[in-house]
Amino acid sequence: MTPDPIPRPLPLAGVRVVLLRSVDRSGPMVRELRSRGADVLLLPLIDFVTPEDGGPLDTALDLLSDGGFAWLLVTSSTTVSALKQRSEARGGALAGALHPGTRIAAVGDATAGALAAEGIRVDLVPERAGEGRSAAGLAAAFARLTPDGRILLPQTDLAAGTLERTLVGQGWDVLRVTAYQTVTHPADPARRITAGSAPDRSGVGPLGSGHAGATTGTELDREGFWAAAGAGAVDAVVFTSPSTVRQLSDGSPAPWQGTLPGGLAAVMIGAATADEAAKYGIRGGTVAVEPTPVGIADAIAAAVRDHPRS
């Protein structure tokens, strides 16, 4: 009789991870991490709202529906939600705001999936090789094309402008417009971007909870995070945008201003986030190869392996 195989431990078993996101924007990432055995907590620092002045976005959407753009470049799933919410406020669907001749480029799989959920076909996603699925990857992909029309680039108000400048340098005519604003969490409910972001508890448990069915106490506050980090109760923190770097660093207690407690692994969702972290003195973080749940989980595994808690 063949003995039952000895079960292999999950790769992130016993690892406690803090994602700098709210419950309703963390579902896929939480599920991936829990499938690998991680204990996941959330610290929401930023939120997203409609622009104070929606006129420029409305003008851009009118031009978009009239065929005024050869390309629509979408750099995040939050942008999809913002465009959807504005289109619905104007009395139509996002897919209906697109001219049949306009081609669509998405920064990565998650953004392409959000567009597909709205019935929108994506024509271009950057290759995984080279700059990868990032804004730099989009720019590299467009460098291989012949500029043949105008590009609409809807982004957050805090976008660095690097992608726009690179595309203009390649010879493209780019209209960059604010599709949403990034604010400190929680946002004003009257302006919060909610389209396409239904709440997803994903079994995230409160600090100290070890079971996946918990649905209360899922989010830490800043004080709770720093107390847990200082006590060695957190193994890794995932910075999900440059804005989360600024928010966490600006709110850190004096002994850790610009740094993290010794041994706490920092994981960055992409190069832009890592660059921002370096400005605040947070160096040596592990950058995810792909800004996806699998890519983040792989980066966490590498980070806790290379920087174990003392």
# chains A, B, ... in the order shown; residues from 1 in each chain; ligands from 1
>>> closest_atom_pairs(of="range 156-192 of chain A", to="range 245-263 of chain A", cutoff="12 Å", atoms="only C-alpha atoms", output="Markdown table")
| residue | atom | partner | partner_atom | distance |
| --- | --- | --- | --- | --- |
| A:Leu158 | CA | A:Arg246 | CA | 11.7 |
| A:Thr182 | CA | A:Gln247 | CA | 11.3 |
| A:Val183 | CA | A:Gln247 | CA | 9.9 |
| A:Thr184 | CA | A:Gln247 | CA | 7.8 |
| A:His185 | CA | A:Gln247 | CA | 9.8 |
>>> write_last_selection(atoms="N, CA and C atoms", output="CSV table (one decimal), in the first residue's frame")
chain,number,residue,atom,x,y,z
A,158,LEU,N,-2.4,62.9,-10.6
A,158,LEU,CA,-1.0,62.8,-10.0
A,158,LEU,C,-0.1,62.1,-11.0
A,182,THR,N,-6.6,61.4,-7.4
A,182,THR,CA,-6.2,60.6,-6.3
A,182,THR,C,-6.2,61.4,-5.0
A,183,VAL,N,-6.9,60.9,-4.0
A,183,VAL,CA,-7.1,61.6,-2.7
A,183,VAL,C,-6.8,60.7,-1.5
A,184,THR,N,-6.6,61.3,-0.4
A,184,THR,CA,-6.4,60.4,0.8
A,184,THR,C,-7.7,59.7,1.2
A,185,HIS,N,-7.5,58.4,1.6
A,185,HIS,CA,-8.7,57.6,1.9
A,185,HIS,C,-9.2,58.0,3.3
>>> select_by_dssp(residues="range 92-152 of chain A", states="alpha helix (DSSP H)", output="number ranges by chain")
A: 109-117, 135-143
>>> write_last_selection(atoms="C-alpha atoms", output="short mmCIF file (atom, residue, chain, number, x, y, z; two decimals), in the first residue's frame")
data_model
loop_
_atom_site.label_atom_id
_atom_site.label_comp_id
_atom_site.auth_asym_id
_atom_site.auth_seq_id
_atom_site.Cartn_x
_atom_site.Cartn_y
_atom_site.Cartn_z
CA ASP A 109 -3.79 42.13 -18.41
CA ALA A 110 -5.84 43.56 -15.53
CA THR A 111 -6.64 46.73 -17.47
CA ALA A 112 -7.37 44.75 -20.62
CA GLY A 113 -9.69 42.53 -18.59
CA ALA A 114 -11.53 45.54 -17.18
CA LEU A 115 -12.04 46.84 -20.72
CA ALA A 116 -13.18 43.43 -21.96
CA ALA A 117 -15.76 43.35 -19.16
CA ALA A 135 3.76 52.66 -18.90
CA ALA A 136 7.33 52.23 -20.14
CA GLY A 137 6.21 49.11 -21.96
CA LEU A 138 3.41 51.07 -23.64
CA ALA A 139 5.86 53.73 -24.73
CA ALA A 140 8.20 51.07 -26.12
CA ALA A 141 5.32 49.48 -28.04
CA PHE A 142 4.32 52.82 -29.57
CA ALA A 143 7.92 53.54 -30.52
#
>>> closest_residue(among="A:Ala13, A:Ala89, A:Leu153, A:Ile300", to="Ala288 in chain A", atoms="only C-alpha atoms")
A:Ile300
>>> atom_distance(atom1="CA of Gln85 in chain A", atom2="CA of Thr50 in chain A")
8.7 Å
>>> residues_around(residues="Ala299 in chain A", least_positions_apart="2", cutoff="9 Å", atoms="only C-alpha atoms", output="PyMOL selection string")
chain A and resi 267-269+286-289+294-297+301-304
>>> closest_residue(among="A:Leu20, A:Ala105, A:Arg192, A:Val174", to="Arg222 in chain A", atoms="only C-alpha atoms")
A:Leu20
>>> residues_around(residues="range 57-62 of chain A", least_positions_apart="6", cutoff="9 Å", atoms="only C-alpha atoms", output="PDB file with N, CA and C atoms, in the first residue's frame")
ATOM      1  N   PRO A  51     -13.101  64.173 -11.242  1.00  0.00           N
ATOM      2  CA  PRO A  51     -12.423  65.475 -11.275  1.00  0.00           C
ATOM      3  C   PRO A  51     -13.326  66.596 -10.765  1.00  0.00           C
ATOM      4  N   GLY A  68     -12.247  61.397 -33.109  1.00  0.00           N
ATOM      5  CA  GLY A  68     -11.167  62.371 -33.064  1.00  0.00           C
ATOM      6  C   GLY A  68      -9.826  61.812 -32.617  1.00  0.00           C
ATOM      7  N   LEU A  83     -13.788  56.210 -16.515  1.00  0.00           N
ATOM      8  CA  LEU A  83     -14.416  56.472 -17.809  1.00  0.00           C
ATOM      9  C   LEU A  83     -15.825  55.879 -17.861  1.00  0.00           C
ATOM     10  N   ARG A  86     -18.164  58.110 -15.754  1.00  0.00           N
ATOM     11  CA  ARG A  86     -18.507  59.368 -16.414  1.00  0.00           C
ATOM     12  C   ARG A  86     -19.433  59.134 -17.600  1.00  0.00           C
ATOM     13  N   SER A  87     -19.183  58.062 -18.350  1.00  0.00           N
ATOM     14  CA  SER A  87     -20.049  57.742 -19.490  1.00  0.00           C
ATOM     15  C   SER A  87     -21.473  57.476 -19.033  1.00  0.00           C
ATOM     16  N   ARG A  90     -23.331  60.481 -18.177  1.00  0.00           N
ATOM     17  CA  ARG A  90     -23.748  61.195 -19.392  1.00  0.00           C
ATOM     18  C   ARG A  90     -24.865  60.470 -20.126  1.00  0.00           C
ATOM     19  N   ALA A  97     -19.163  55.084 -26.117  1.00  0.00           N
ATOM     20  CA  ALA A  97     -18.427  56.339 -26.273  1.00  0.00           C
ATOM     21  C   ALA A  97     -17.247  56.198 -27.222  1.00  0.00           C
ATOM     22  N   LEU A  98     -17.001  54.987 -27.701  1.00  0.00           N
ATOM     23  CA  LEU A  98     -15.845  54.732 -28.556  1.00  0.00           C
ATOM     24  C   LEU A  98     -16.245  54.717 -30.025  1.00  0.00           C
ATOM     25  N   LEU A 152      -5.565  59.753 -27.123  1.00  0.00           N
ATOM     26  CA  LEU A 152      -6.213  60.217 -25.898  1.00  0.00           C
ATOM     27  C   LEU A 152      -5.606  59.440 -24.732  1.00  0.00           C
ATOM     28  N   PRO A 154      -6.167  59.352 -20.838  1.00  0.00           N
ATOM     29  CA  PRO A 154      -6.811  59.725 -19.577  1.00  0.00           C
ATOM     30  C   PRO A 154      -6.044  59.128 -18.403  1.00  0.00           C
ATOM     31  N   LEU A 175      -3.335  64.030 -26.304  1.00  0.00           N
ATOM     32  CA  LEU A 175      -4.176  64.817 -25.409  1.00  0.00           C
ATOM     33  C   LEU A 175      -4.270  64.065 -24.088  1.00  0.00           C
ATOM     34  N   VAL A 177      -5.712  63.993 -20.351  1.00  0.00           N
ATOM     35  CA  VAL A 177      -6.839  64.575 -19.635  1.00  0.00           C
ATOM     36  C   VAL A 177      -6.976  63.877 -18.286  1.00  0.00           C
ATOM     37  N   THR A 178      -7.387  64.632 -17.280  1.00  0.00           N
ATOM     38  CA  THR A 178      -7.609  64.062 -15.947  1.00  0.00           C
ATOM     39  C   THR A 178      -8.942  63.316 -15.932  1.00  0.00           C
ATOM     40  N   ALA A 179      -8.849  61.992 -15.759  1.00  0.00           N
ATOM     41  CA  ALA A 179     -10.050  61.164 -15.689  1.00  0.00           C
ATOM     42  C   ALA A 179     -10.533  60.997 -14.257  1.00  0.00           C
TER      43      ALA A 179
END
